[in-house]
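Raw contents of entry_18.cif, mmCIF, C-alpha atoms and all ligand atoms:
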```
data_upload
#
loop_
_atom_site.label_atom_id
_atom_site.label_comp_id
_atom_site.auth_asym_id
_atom_site.auth_seq_id
_atom_site.Cartn_x
_atom_site.Cartn_y
_atom_site.Cartn_z
CA MET A 1 0.00 0.00 0.00
CA ASP A 2 1.09 3.58 -0.68
CA ARG A 3 2.97 4.71 2.48
CA SER A 4 1.06 7.93 3.06
CA LEU A 5 -2.27 6.12 2.58
CA ALA A 6 -1.23 3.41 5.05
CA GLN A 7 -0.07 6.08 7.50
CA PHE A 8 -3.26 8.11 7.35
CA LEU A 9 -5.80 5.32 6.77
CA PRO A 10 -6.65 5.05 10.51
CA LEU A 11 -7.32 8.81 10.49
CA TYR A 12 -9.71 8.55 7.54
CA ILE A 13 -11.52 5.71 9.30
CA ASN A 14 -11.58 7.76 12.51
CA VAL A 15 -13.19 10.71 10.69
CA THR A 16 -15.81 8.43 9.09
CA MET A 17 -16.65 6.85 12.44
CA SER A 18 -16.86 10.32 14.04
CA ILE A 19 -19.39 11.49 11.45
CA CYS A 20 -21.55 8.47 12.35
CA THR A 21 -21.05 9.31 16.07
CA TYR A 22 -22.33 12.83 15.47
CA PHE A 23 -25.55 11.64 13.80
CA LEU A 24 -26.09 8.95 16.44
CA THR A 25 -25.56 11.35 19.37
CA VAL A 26 -27.67 14.16 17.95
CA ARG A 27 -30.61 11.74 17.64
CA LEU A 28 -30.00 9.88 20.92
CA ILE A 29 -30.02 12.91 23.23
CA PRO A 30 -33.67 13.99 22.72
CA ARG A 31 -34.80 10.37 23.03
CA LEU A 32 -33.15 9.99 26.42
CA LYS A 33 -34.39 13.31 27.87
CA GLU A 34 -37.51 11.82 29.46
CA ARG A 35 -35.55 9.04 31.13
CA PHE A 36 -33.25 11.58 32.77
CA LEU A 37 -36.22 13.61 34.00
CA LYS A 38 -37.84 10.44 35.40
CA ALA A 39 -34.62 9.62 37.24
CA ASN A 40 -34.77 13.14 38.69
CA LEU A 41 -31.53 14.05 36.91
CA CYS A 42 -32.56 17.60 36.20
CA GLY A 43 -31.72 21.19 37.02
CA ILE A 44 -33.55 24.50 36.93
CA ASP A 45 -32.55 26.95 34.21
CA MET A 46 -31.95 29.91 36.51
CA ASN A 47 -31.73 32.49 33.73
CA LYS A 48 -35.23 32.03 32.39
CA LYS A 49 -38.59 33.54 33.39
CA ASN A 50 -40.48 30.33 34.03
CA PHE A 51 -37.87 28.23 35.93
CA VAL A 52 -38.12 25.19 33.62
CA LYS A 53 -36.78 21.79 34.62
CA ILE A 54 -34.06 20.71 32.20
CA PRO A 55 -32.49 17.22 32.05
CA GLU A 56 -29.02 17.42 33.61
CA ALA A 57 -25.82 15.37 33.15
CA MET A 58 -26.52 14.78 29.44
CA GLY A 59 -22.75 14.84 28.95
CA VAL A 60 -22.93 11.20 29.88
CA VAL A 61 -24.68 10.46 26.55
CA SER A 62 -22.10 12.25 24.37
CA GLY A 63 -19.37 10.83 26.62
CA CYS A 64 -20.63 7.28 26.08
CA THR A 65 -20.92 7.64 22.29
CA PHE A 66 -17.41 9.16 22.24
CA LEU A 67 -16.01 6.27 24.28
CA ILE A 68 -17.89 3.62 22.26
CA THR A 69 -16.40 5.11 19.07
CA MET A 70 -12.95 4.95 20.66
CA PHE A 71 -13.46 1.34 21.80
CA LEU A 72 -14.51 0.30 18.29
CA PHE A 73 -11.54 2.19 16.88
CA ILE A 74 -8.93 0.50 19.15
CA PRO A 75 -7.88 -2.25 16.67
CA ILE A 76 -7.73 0.07 13.63
CA PRO A 77 -4.30 1.73 14.12
CA PHE A 78 -2.82 -1.69 14.93
CA GLY A 79 -4.44 -3.54 12.00
CA ASP A 80 -1.15 -4.15 10.17
CA HIS A 81 0.54 -5.59 13.25
CA ILE A 82 -2.46 -7.75 14.12
CA PHE A 83 -2.65 -9.31 10.62
CA ASN A 84 1.10 -9.73 10.17
CA ASN A 85 1.59 -10.72 13.81
CA VAL A 86 5.03 -9.09 14.00
CA ASN A 87 6.57 -6.34 16.13
CA PHE A 88 3.33 -5.49 17.90
CA PRO A 89 3.85 -2.01 19.48
CA HIS A 90 2.74 -2.95 22.99
CA ASN A 91 3.84 0.41 24.41
CA GLU A 92 1.63 2.41 21.98
CA PHE A 93 -1.25 0.02 22.60
CA VAL A 94 -1.09 0.31 26.39
CA GLU A 95 -0.84 4.09 26.06
CA LEU A 96 -4.10 4.22 24.12
CA LEU A 97 -5.79 1.93 26.64
CA ALA A 98 -4.53 3.87 29.68
CA ALA A 99 -5.68 7.16 28.14
CA LEU A 100 -9.14 5.67 27.61
CA LEU A 101 -9.16 4.28 31.14
CA SER A 102 -8.42 7.74 32.58
CA ILE A 103 -11.15 9.39 30.50
CA CYS A 104 -13.62 6.62 31.35
CA CYS A 105 -12.81 6.89 35.06
CA MET A 106 -13.29 10.65 34.95
CA MET A 107 -16.66 10.31 33.27
CA LEU A 108 -17.80 7.92 35.98
CA LEU A 109 -16.59 10.27 38.72
CA GLY A 110 -18.24 13.25 36.99
CA PHE A 111 -21.52 11.36 36.83
CA ALA A 112 -21.16 10.51 40.53
CA ASP A 113 -20.71 14.24 41.15
CA ASP A 114 -23.89 15.07 39.20
CA VAL A 115 -25.89 12.50 41.14
CA LEU A 116 -24.39 13.04 44.59
CA ASP A 117 -23.38 16.74 44.38
CA LEU A 118 -19.91 16.26 45.86
CA GLN A 119 -17.95 18.81 47.88
CA TRP A 120 -15.13 20.91 46.46
CA ARG A 121 -12.34 18.93 48.10
CA HIS A 122 -13.59 15.81 46.30
CA LYS A 123 -13.67 17.70 43.02
CA LEU A 124 -9.93 18.24 43.43
CA MET A 125 -9.20 14.66 44.42
CA LEU A 126 -11.17 12.89 41.68
CA PRO A 127 -9.13 14.01 38.63
CA THR A 128 -5.88 13.24 40.46
CA ILE A 129 -7.04 9.66 41.01
CA ALA A 130 -8.38 9.31 37.47
CA SER A 131 -5.05 10.44 35.99
CA LEU A 132 -3.05 7.74 37.84
CA PRO A 133 -3.39 5.00 35.16
CA LEU A 134 -2.03 7.37 32.55
CA LEU A 135 0.84 8.59 34.74
CA MET A 136 1.79 4.96 35.42
CA VAL A 137 1.98 4.26 31.67
CA TYR A 138 3.94 7.47 31.15
CA TYR A 139 6.40 6.23 33.76
CA VAL A 140 6.80 2.81 32.13
CA ASN A 141 6.92 4.09 28.52
CA PHE A 142 8.87 7.36 28.69
CA ASN A 143 9.71 8.41 32.22
CA SER A 144 11.13 11.55 30.63
CA THR A 145 10.92 14.23 33.29
CA VAL A 146 13.54 16.55 31.80
CA ILE A 147 12.44 20.01 30.69
CA ILE A 148 14.36 22.41 28.47
CA VAL A 149 15.01 25.69 30.29
CA PRO A 150 13.77 28.81 28.40
CA LYS A 151 16.67 30.88 26.96
CA PRO A 152 16.37 33.89 29.34
CA PHE A 153 16.79 31.60 32.39
CA ARG A 154 19.76 29.60 31.11
CA ALA A 155 22.18 31.96 32.84
CA PHE A 156 20.79 30.77 36.18
CA PHE A 157 20.12 27.09 35.39
CA SER A 158 21.62 24.61 32.93
CA LEU A 159 20.18 23.89 29.46
CA SER A 160 17.80 21.34 30.93
CA ILE A 161 16.51 20.37 34.38
CA ASP A 162 15.25 16.99 35.55
CA LEU A 163 12.05 17.72 37.46
CA TRP A 164 11.78 14.07 38.53
CA LEU A 165 8.75 13.51 40.82
CA PHE A 166 7.62 17.12 40.39
CA TYR A 167 6.94 16.46 36.70
CA TYR A 168 4.42 13.79 37.71
CA ALA A 169 2.88 16.19 40.23
CA TYR A 170 2.62 18.76 37.40
CA MET A 171 0.86 16.26 35.12
CA GLY A 172 -1.56 15.28 37.90
CA MET A 173 -2.27 18.96 38.57
CA LEU A 174 -2.83 19.54 34.85
CA ALA A 175 -5.71 17.04 35.00
CA VAL A 176 -7.14 18.74 38.12
CA PHE A 177 -6.87 22.16 36.49
CA CYS A 178 -8.32 21.23 33.08
CA THR A 179 -11.36 19.47 34.57
CA ASN A 180 -12.26 22.11 37.16
CA ALA A 181 -11.36 25.14 35.04
CA ILE A 182 -14.07 24.27 32.51
CA ASN A 183 -16.56 23.49 35.27
CA ILE A 184 -16.20 26.90 36.94
CA LEU A 185 -16.47 28.87 33.68
CA ALA A 186 -20.13 27.95 33.39
CA GLY A 187 -23.68 29.00 34.13
CA VAL A 188 -25.04 30.35 30.84
CA ASN A 189 -26.52 28.19 28.11
CA GLY A 190 -24.01 26.57 25.79
CA LEU A 191 -20.88 27.90 27.47
CA GLU A 192 -19.41 24.64 28.82
CA VAL A 193 -19.69 22.85 25.47
CA GLY A 194 -18.89 25.95 23.42
CA GLN A 195 -15.56 26.59 25.17
CA SER A 196 -14.67 22.88 25.09
CA LEU A 197 -15.35 22.70 21.36
CA ILE A 198 -13.10 25.71 20.74
CA ILE A 199 -10.30 24.21 22.85
CA ALA A 200 -10.68 20.85 21.07
CA THR A 201 -10.63 22.48 17.64
CA SER A 202 -7.51 24.45 18.64
CA ILE A 203 -5.79 21.20 19.66
CA LEU A 204 -6.88 19.62 16.36
CA ILE A 205 -5.44 22.52 14.34
CA PHE A 206 -2.20 22.28 16.32
CA ASN A 207 -2.05 18.51 15.67
CA LEU A 208 -2.64 19.07 11.94
CA ILE A 209 0.20 21.62 11.80
CA GLU A 210 2.55 19.27 13.64
CA LEU A 211 1.56 16.20 11.60
CA SER A 212 4.37 16.95 9.17
CA GLY A 213 6.97 17.23 11.97
CA ASP A 214 9.15 14.67 13.79
CA MET A 215 6.51 14.00 16.46
CA TRP A 216 3.78 13.13 13.94
CA LYS A 217 2.94 9.84 15.68
CA ALA A 218 2.09 11.54 18.97
CA HIS A 219 -0.05 14.13 17.17
CA GLN A 220 -1.83 11.47 15.16
CA LEU A 221 -2.64 9.63 18.40
CA SER A 222 -4.04 12.87 19.84
CA MET A 223 -6.23 13.29 16.74
CA TYR A 224 -7.69 9.80 17.24
CA PHE A 225 -9.20 11.14 20.47
CA ILE A 226 -10.00 14.71 19.53
CA ILE A 227 -11.96 14.07 16.31
CA PRO A 228 -14.61 11.75 17.84
CA TYR A 229 -14.68 14.03 20.91
CA ILE A 230 -15.54 17.02 18.69
CA ALA A 231 -18.21 15.01 16.85
CA ALA A 232 -19.98 13.85 20.03
CA SER A 233 -19.67 17.24 21.75
CA PHE A 234 -20.92 19.13 18.69
CA ALA A 235 -24.06 16.97 18.80
CA LEU A 236 -24.45 17.83 22.50
CA TRP A 237 -23.94 21.54 21.74
CA LYS A 238 -26.87 21.45 19.29
CA HIS A 239 -29.15 20.67 22.25
CA ASN A 240 -27.32 22.70 24.90
CA ARG A 241 -27.01 26.00 23.01
CA TYR A 242 -29.33 28.86 23.91
CA PRO A 243 -32.15 28.14 24.81
CA SER A 244 -30.88 24.93 26.40
CA LYS A 245 -32.98 21.81 26.04
CA VAL A 246 -30.46 19.78 28.03
CA PHE A 247 -27.72 20.57 30.57
CA VAL A 248 -24.35 18.92 30.20
CA GLY A 249 -23.53 18.44 33.90
CA ASP A 250 -20.19 18.00 35.60
CA THR A 251 -19.90 14.71 33.70
CA PHE A 252 -19.20 16.63 30.51
CA CYS A 253 -16.85 19.19 32.10
CA TYR A 254 -14.75 16.48 33.74
CA LEU A 255 -14.69 14.26 30.67
CA SER A 256 -13.64 17.19 28.48
CA GLY A 257 -10.93 18.43 30.84
CA MET A 258 -9.53 14.93 31.18
CA THR A 259 -9.55 14.37 27.40
CA PHE A 260 -7.51 17.57 26.90
CA ALA A 261 -5.09 16.69 29.71
CA VAL A 262 -4.68 13.15 28.37
CA VAL A 263 -3.91 14.19 24.78
CA GLY A 264 -1.55 16.87 26.10
CA ILE A 265 0.33 14.29 28.17
CA ILE A 266 0.52 11.43 25.63
CA GLY A 267 1.13 13.88 22.79
CA HIS A 268 3.92 15.62 24.77
CA PHE A 269 2.36 19.07 24.25
CA SER A 270 0.92 19.77 27.70
CA LYS A 271 2.30 23.34 27.75
CA THR A 272 0.61 24.12 24.42
CA THR A 273 -2.62 22.57 25.74
CA LEU A 274 -2.45 24.96 28.69
CA LEU A 275 -2.03 27.87 26.27
CA PHE A 276 -5.49 27.07 24.89
CA PHE A 277 -6.87 27.58 28.40
CA ILE A 278 -6.04 31.31 28.65
CA PRO A 279 -9.66 32.42 29.49
CA GLN A 280 -9.96 29.54 31.99
CA ILE A 281 -6.64 30.54 33.60
CA LEU A 282 -7.85 34.15 33.91
CA ASN A 283 -11.18 32.98 35.34
CA PHE A 284 -9.36 30.73 37.81
CA LEU A 285 -7.00 33.50 38.96
CA TYR A 286 -9.92 35.92 39.33
CA SER A 287 -11.85 33.25 41.28
CA VAL A 288 -8.99 32.39 43.67
CA PRO A 289 -10.30 34.53 46.60
CA GLN A 290 -13.65 32.72 46.48
CA LEU A 291 -12.31 29.24 45.64
CA PHE A 292 -9.97 29.33 48.64
CA HIS A 293 -12.65 31.01 50.79
CA PHE A 294 -10.80 34.27 51.47
CA VAL A 295 -14.09 35.81 50.35
CA PRO A 296 -17.44 34.00 50.92
CA CYS A 297 -18.36 31.77 47.96
CA PRO A 298 -22.08 31.01 47.43
CA ARG A 299 -23.11 27.62 45.95
CA HIS A 300 -23.89 29.32 42.61
CA ARG A 301 -21.96 32.25 41.17
CA LEU A 302 -23.73 32.41 37.81
CA PRO A 303 -25.05 35.83 36.72
CA ARG A 304 -28.33 37.11 38.20
CA TYR A 305 -31.35 37.13 35.89
CA ASP A 306 -33.54 40.22 35.78
CA PRO A 307 -36.97 39.11 34.42
CA GLU A 308 -38.12 42.70 33.89
CA ILE A 309 -35.57 43.42 31.19
CA ASP A 310 -34.84 39.76 30.30
CA LYS A 311 -31.12 40.40 30.79
CA LEU A 312 -28.34 39.23 33.07
CA ASN A 313 -26.61 41.29 35.76
CA PRO A 314 -23.50 40.38 37.76
CA SER A 315 -24.41 38.18 40.75
CA LEU A 316 -23.32 39.43 44.16
CA THR A 317 -21.86 38.20 47.42
CA VAL A 318 -22.41 40.08 50.69
CA PHE A 319 -20.08 39.95 53.69
CA ARG A 320 -18.65 42.01 56.55
CA LYS A 321 -15.31 43.55 55.64
CA ASN A 322 -13.96 42.71 59.10
CA ASP A 323 -14.70 39.00 58.52
CA LEU A 324 -12.01 38.86 55.79
CA ASN A 325 -8.59 37.63 56.88
CA ILE A 326 -5.38 39.54 56.04
CA LEU A 327 -4.87 37.72 52.74
CA GLY A 328 -8.50 38.32 51.73
CA LYS A 329 -8.20 42.05 52.52
CA LEU A 330 -4.91 42.29 50.61
CA ILE A 331 -6.16 40.52 47.47
CA MET A 332 -9.40 42.48 47.42
CA SER A 333 -7.57 45.79 47.82
CA ILE A 334 -5.42 44.86 44.80
CA PHE A 335 -8.58 43.97 42.81
CA LYS A 336 -10.12 47.30 43.88
CA ALA A 337 -6.99 49.23 42.88
CA PHE A 338 -7.14 47.68 39.40
CA LYS A 339 -10.90 48.41 39.32
CA ILE A 340 -11.78 44.82 38.42
CA VAL A 341 -14.50 44.41 41.04
CA GLN A 342 -17.80 46.11 41.71
CA TRP A 343 -17.38 47.01 45.39
CA GLN A 344 -19.93 48.78 47.57
CA GLU A 345 -19.37 49.32 51.27
CA ASP A 346 -21.88 50.81 53.70
CA SER A 347 -21.18 52.74 56.91
CA GLU A 348 -21.41 49.52 59.00
CA GLY A 349 -18.69 47.80 56.97
CA VAL A 350 -21.05 45.49 55.05
CA VAL A 351 -19.63 44.90 51.58
CA THR A 352 -21.54 43.96 48.44
CA CYS A 353 -19.20 42.65 45.77
CA ASN A 354 -19.70 40.79 42.50
CA ASN A 355 -18.98 37.06 42.44
CA LEU A 356 -15.49 36.71 41.01
CA THR A 357 -16.01 35.09 37.60
CA ILE A 358 -15.17 36.50 34.17
CA LEU A 359 -18.88 36.13 33.27
CA ASN A 360 -19.71 38.72 35.91
CA PHE A 361 -16.69 40.80 34.90
CA VAL A 362 -17.93 40.98 31.29
CA LEU A 363 -21.33 42.10 32.63
CA ILE A 364 -19.63 44.84 34.68
CA LEU A 365 -17.79 46.01 31.54
CA PHE A 366 -20.71 45.87 29.10
CA GLY A 367 -23.71 46.39 31.41
CA PRO A 368 -26.73 44.02 31.46
CA LEU A 369 -26.71 41.57 28.55
CA LYS A 370 -28.99 38.93 27.09
CA GLU A 371 -27.89 35.40 27.99
CA SER A 372 -27.17 34.46 24.37
CA THR A 373 -25.07 37.64 23.90
CA LEU A 374 -23.03 36.89 27.03
CA THR A 375 -22.31 33.36 25.77
CA LYS A 376 -21.25 34.76 22.38
CA ILE A 377 -18.88 37.29 23.97
CA LEU A 378 -17.28 34.59 26.12
CA LEU A 379 -16.83 32.31 23.11
CA ILE A 380 -15.25 35.17 21.15
CA ILE A 381 -12.85 35.67 24.09
CA GLN A 382 -12.07 31.94 23.88
CA ILE A 383 -11.29 32.20 20.15
CA ALA A 384 -9.13 35.29 20.77
CA GLY A 385 -7.32 33.25 23.45
CA THR A 386 -6.59 30.51 20.91
CA MET A 387 -5.20 33.06 18.43
CA LEU A 388 -2.95 34.48 21.14
CA ALA A 389 -1.89 30.93 22.03
CA PHE A 390 -0.77 30.27 18.44
CA VAL A 391 1.19 33.53 18.39
CA ILE A 392 2.93 32.55 21.63
CA ARG A 393 3.50 28.96 20.41
CA TYR A 394 4.96 29.85 17.01
CA PRO A 395 6.43 33.34 16.39
CA LEU A 396 7.14 34.12 20.05
CA ALA A 397 8.48 30.66 20.99
CA SER A 398 11.82 31.47 19.30
CA ILE A 399 12.46 34.12 22.00
CA PHE A 400 12.34 31.43 24.66
CA TYR A 401 13.50 28.26 22.87
CA ASP A 402 15.76 27.22 19.96
CA VAL A 403 13.08 26.33 17.41
C1 LIG B 1 -20.11 25.68 39.06
C2 LIG B 1 -19.75 27.04 39.66
C3 LIG B 1 -21.01 27.77 40.14
C4 LIG B 1 -21.97 27.92 38.96
C5 LIG B 1 -22.29 26.56 38.37
C6 LIG B 1 -23.14 26.75 37.14
C7 LIG B 1 -17.84 27.71 40.97
C8 LIG B 1 -17.04 27.49 42.19
N1 LIG B 1 -18.86 26.86 40.79
O1 LIG B 1 -20.60 24.89 40.12
O2 LIG B 1 -20.67 29.02 40.63
O3 LIG B 1 -23.16 28.53 39.41
O4 LIG B 1 -21.06 25.87 38.01
O5 LIG B 1 -22.95 25.87 36.14
O6 LIG B 1 -17.58 28.61 40.22
N2 LIG B 1 -27.28 26.29 35.19
C9 LIG B 1 -28.11 27.21 34.59
N3 LIG B 1 -27.87 27.55 33.28
C10 LIG B 1 -26.83 26.99 32.56
C11 LIG B 1 -25.98 26.05 33.19
C12 LIG B 1 -26.24 25.72 34.51
O7 LIG B 1 -29.04 27.71 35.20
O8 LIG B 1 -26.66 27.32 31.39
C13 LIG B 1 -27.56 25.89 36.58
C14 LIG B 1 -28.66 24.81 36.61
O9 LIG B 1 -29.45 25.01 37.73
C15 LIG B 1 -27.85 23.54 36.75
C16 LIG B 1 -26.69 24.01 37.60
O10 LIG B 1 -26.40 25.34 37.17
O11 LIG B 1 -28.59 22.51 37.37
C17 LIG B 1 -25.48 23.15 37.43
O12 LIG B 1 -24.58 23.48 38.40
P1 LIG B 1 -23.41 22.50 38.81
O13 LIG B 1 -22.70 22.04 37.58
O14 LIG B 1 -23.90 21.44 39.71
O15 LIG B 1 -22.50 23.51 39.61
P2 LIG B 1 -20.97 23.36 39.95
O16 LIG B 1 -20.24 22.74 38.83
O17 LIG B 1 -20.80 22.72 41.28
MG MG B 2 -20.79 22.10 36.85
#
```

So, in terms of structure tokens, how does the structure I just supplied come out?
Ligand code: UD1
Ligand code: MG
Amino acid sequence: MDRSLAQFLPLYINVTMSICTYFLTVRLIPRLKERFLKANLCGIDMNKKNFVKIPEAMGVVSGCTFLITMFLFIPIPFGDHIFNNVNFPHNEFVELLAALLSICCMMLLGFADDVLDLQWRHKLMLPTIASLPLLMVYYVNFNSTVIIVPKPFRAFFSLSIDLWLFYYAYMGMLAVFCTNAINILAGVNGLEVGQSLIIATSILIFNLIELSGDMWKAHQLSMYFIIPYIAASFALWKHNRYPSKVFVGDTFCYLSGMTFAVVGIIGHFSKTTLLFFIPQILNFLYSVPQLFHFVPCPRHRLPRYDPEIDKLNPSLTVFRKNDLNILGKLIMSIFKAFKIVQWQEDSEGVVTCNNLTILNFVLILFGPLKESTLTKILLIIQIAGTMLAFVIRYPLASIFYDV
């Protein structure tokens, strides 16, 4: 067989299977809605006039079709070796299986979260545990924990540093970050899936660019995951976009975050993956005072709906200024100095401040917005983030590395 055809045949098959996955998922979701409602897996759409009950955790449907596609695809890249029965690449095979195990595990844990409504400390623990199978395979297959030091820092360090155990801690934390960062940039229709689709497409474009390079195998492996993921998630988006007919749940956020972390780790481009998370990083940094409870954090921080004008306003948290600890006071005074919070203080020291999410920040900047407009703005920010990421990854990378 022609070499390039043999090399890319699994990809063509993957694309064909993904198209089938899209059509299957887009039809399956509405059929399963009633079952989810009967099982009481539902949530109230808080940004609508007539508080409708919407089936929740529908990410489990797209997650299952994505995983089924991947399971059916497993033998395809190894077809040649299976038929000829020579030089079977056991290391590549186990890598694929471990990646799937981590994603599968994360979906299960996400579904458990949707059903049981877990506490925040569990949300941090779950991705760490789910990433263990993959880290174990990384250890057996590569165990490369050496990083190249960026040029400006080479005067202080050597050309490369072995991070040893810390590299594994970094990879575990990457999984924790990716899963939770998507989950906390949420609360308006279509945002969870929309941002995940943009991140996935960015990874796919990056893989396509790198397919002609030395690391083409790793990028091809990443594409095997990302293409069916995009197909299944796009089907979910069709039902989750404004006005939502289904909610995706933590199942989807965790599964997505884990998929991105997994392809970043097995594809050896975890830093580039993080670059596609610029809005999530900003949202996380802005949220730090509430996530670490320096400032009170209500159960829901999504924007506040005003039925009179059918628009969203920033949601608020109220507390006594004296109840903040030193760190809380310091961080909030920095935020106030940079004018990135809406801060009102009465004579008795009671403070009313916006919940610290970039959704609320956009509403402070632009004033009250329709829900669909807010989603669009946030998705545009996500696309702008991707463009910036490519500028940093390609033209600017030469400042830091010999490329
Ligand atoms: C995270 C956020 C929380 C935010 C919530 C909304 C943090 C620390 N946690 O919590 O502030 O309120 O996500 O997703 O930042 N919902 C809507 N419209 C939507 C999407 C969700 O009204 O478009 C509501 C529904 O009632 C749904 C619920 O949010 O049932 C889902 O919340 P859940 O995913 O359980 O919240 P967390 O992920 O814990
Ligand atoms: Mg959630």

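Residues in contact with ligand MG 2 (chain B) comprise Asn183, Ile184, Ala186, Gly249, Asp250 and Cys253 of chain A, where contact means an atom-to-atom distance of at most 7 Å counting all atoms listed in the file.
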
For Val94 in chain A, please output as a PyMOL selection string all residues within 12 Å (counting all atoms listed in the file; exclusion window: fewer than 4 positions along the same chain). chain A and resi 74+78+88-90+98-101+133-138+140-141+266

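Between CA of Leu41 in chain A and atom C10 of ligand LIG 1 (chain B) the interatomic distance comes to 14.4 Å.
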
Kindly give the distance, in Å, that separates CA of Val188 in chain A and atom C11 of ligand LIG 1 (chain B), rounded to a single decimal. 5.0 Å

Within 9 Å of ligand LIG 1 (chain B): each chain A residue with its shortest pair, only C-alpha atoms and all ligand atoms, as a tab-separated table:
```
residue	atom	partner	partner_atom	distance
A:Leu41	CA	B:LIG1	O11	9.0
A:Cys42	CA	B:LIG1	O11	6.4
A:Gly43	CA	B:LIG1	O11	3.4
A:Ile44	CA	B:LIG1	O9	4.2
A:Asp45	CA	B:LIG1	O7	3.7
A:Met46	CA	B:LIG1	O7	3.9
A:Asn47	CA	B:LIG1	O7	5.7
A:Lys48	CA	B:LIG1	O7	8.1
A:Phe51	CA	B:LIG1	O7	8.9
A:Lys53	CA	B:LIG1	O9	8.6
A:Ile54	CA	B:LIG1	O11	7.7
A:Pro55	CA	B:LIG1	O11	8.5
A:Glu56	CA	B:LIG1	O11	6.3
A:Ala57	CA	B:LIG1	O13	8.6
A:Asp113	CA	B:LIG1	O14	8.0
A:Asp114	CA	B:LIG1	O14	6.4
A:Asp117	CA	B:LIG1	O14	6.6
A:Leu118	CA	B:LIG1	O17	8.0
A:Gln119	CA	B:LIG1	O17	8.2
A:Trp120	CA	B:LIG1	O17	7.9
A:Lys123	CA	B:LIG1	O17	8.9
A:Asn180	CA	B:LIG1	O16	8.2
A:Ala181	CA	B:LIG1	O6	8.8
A:Ile182	CA	B:LIG1	O16	9.0
A:Asn183	CA	B:LIG1	O16	5.2
A:Ile184	CA	B:LIG1	O6	3.9
A:Leu185	CA	B:LIG1	O6	6.6
A:Ala186	CA	B:LIG1	O5	4.5
A:Gly187	CA	B:LIG1	O5	3.8
A:Val188	CA	B:LIG1	O8	3.5
A:Asn189	CA	B:LIG1	O8	3.4
A:Gly190	CA	B:LIG1	O8	6.2
A:Leu191	CA	B:LIG1	O8	7.0
A:Glu192	CA	B:LIG1	C11	8.0
A:Asn240	CA	B:LIG1	O8	8.0
A:Arg241	CA	B:LIG1	O8	8.5
A:Tyr242	CA	B:LIG1	O8	8.1
A:Pro243	CA	B:LIG1	O8	8.6
A:Ser244	CA	B:LIG1	O8	7.0
A:Phe247	CA	B:LIG1	C11	6.3
A:Val248	CA	B:LIG1	C11	7.9
A:Gly249	CA	B:LIG1	O13	5.2
A:Asp250	CA	B:LIG1	O13	5.2
A:Thr251	CA	B:LIG1	O13	8.8
A:Cys253	CA	B:LIG1	O16	8.3
A:Phe284	CA	B:LIG1	O6	8.8
A:Ser287	CA	B:LIG1	O6	7.4
A:Gln290	CA	B:LIG1	C8	7.6
A:Leu291	CA	B:LIG1	C8	6.1
A:Cys297	CA	B:LIG1	C8	7.3
A:Pro298	CA	B:LIG1	O2	7.2
A:Arg299	CA	B:LIG1	O2	6.0
A:His300	CA	B:LIG1	O3	3.4
A:Arg301	CA	B:LIG1	O2	3.5
A:Leu302	CA	B:LIG1	O3	4.2
A:Pro303	CA	B:LIG1	O3	8.0
A:Asn355	CA	B:LIG1	O2	8.4
A:Leu356	CA	B:LIG1	O6	8.4
A:Thr357	CA	B:LIG1	O6	7.2
A:Glu371	CA	B:LIG1	O8	8.9
```

Env of range 379-395 of chain A: 9 Å cut, atoms = only C-alpha atoms, seq-sep filter 6 positions within chain, self excluded. Answer as a short mmCIF file (atom, residue, chain, number, x, y, z; two decimals) with C-alpha atoms, in the frame of the given file.
```cif
data_model
loop_
_atom_site.label_atom_id
_atom_site.label_comp_id
_atom_site.auth_asym_id
_atom_site.auth_seq_id
_atom_site.Cartn_x
_atom_site.Cartn_y
_atom_site.Cartn_z
CA LEU A 191 -20.88 27.90 27.47
CA GLY A 194 -18.89 25.95 23.42
CA GLN A 195 -15.56 26.59 25.17
CA ILE A 198 -13.10 25.71 20.74
CA ILE A 199 -10.30 24.21 22.85
CA SER A 202 -7.51 24.45 18.64
CA PHE A 206 -2.20 22.28 16.32
CA THR A 272 0.61 24.12 24.42
CA LEU A 274 -2.45 24.96 28.69
CA LEU A 275 -2.03 27.87 26.27
CA PHE A 276 -5.49 27.07 24.89
CA PHE A 277 -6.87 27.58 28.40
CA ILE A 278 -6.04 31.31 28.65
CA PRO A 279 -9.66 32.42 29.49
CA GLN A 280 -9.96 29.54 31.99
CA VAL A 403 13.08 26.33 17.41
#
```

Kindly provide, as a VMD selection string, the polymer residues lying within 12 Å of (-8.2, 44.3, 43.6), counting all atoms listed in the file and using the coordinates exactly as they appear in the file. chain A and resid 285 to 289 327 to 343 353 356

Excluding same-chain residues fewer than 3 positions from Glu210 in chain A, what lies within 12 Å of it counting all atoms listed in the file, as a list of chain:residue names? A:Ile203, A:Leu204, A:Ile205, A:Phe206, A:Asn207, A:Gly213, A:Asp214, A:Met215, A:Trp216, A:Lys217, A:Ala218, A:His219, A:Gln220, A:Leu221, A:Ser222, A:Met223, A:Gly267, A:His268, A:Phe269, A:Thr272, A:Arg393, A:Tyr394
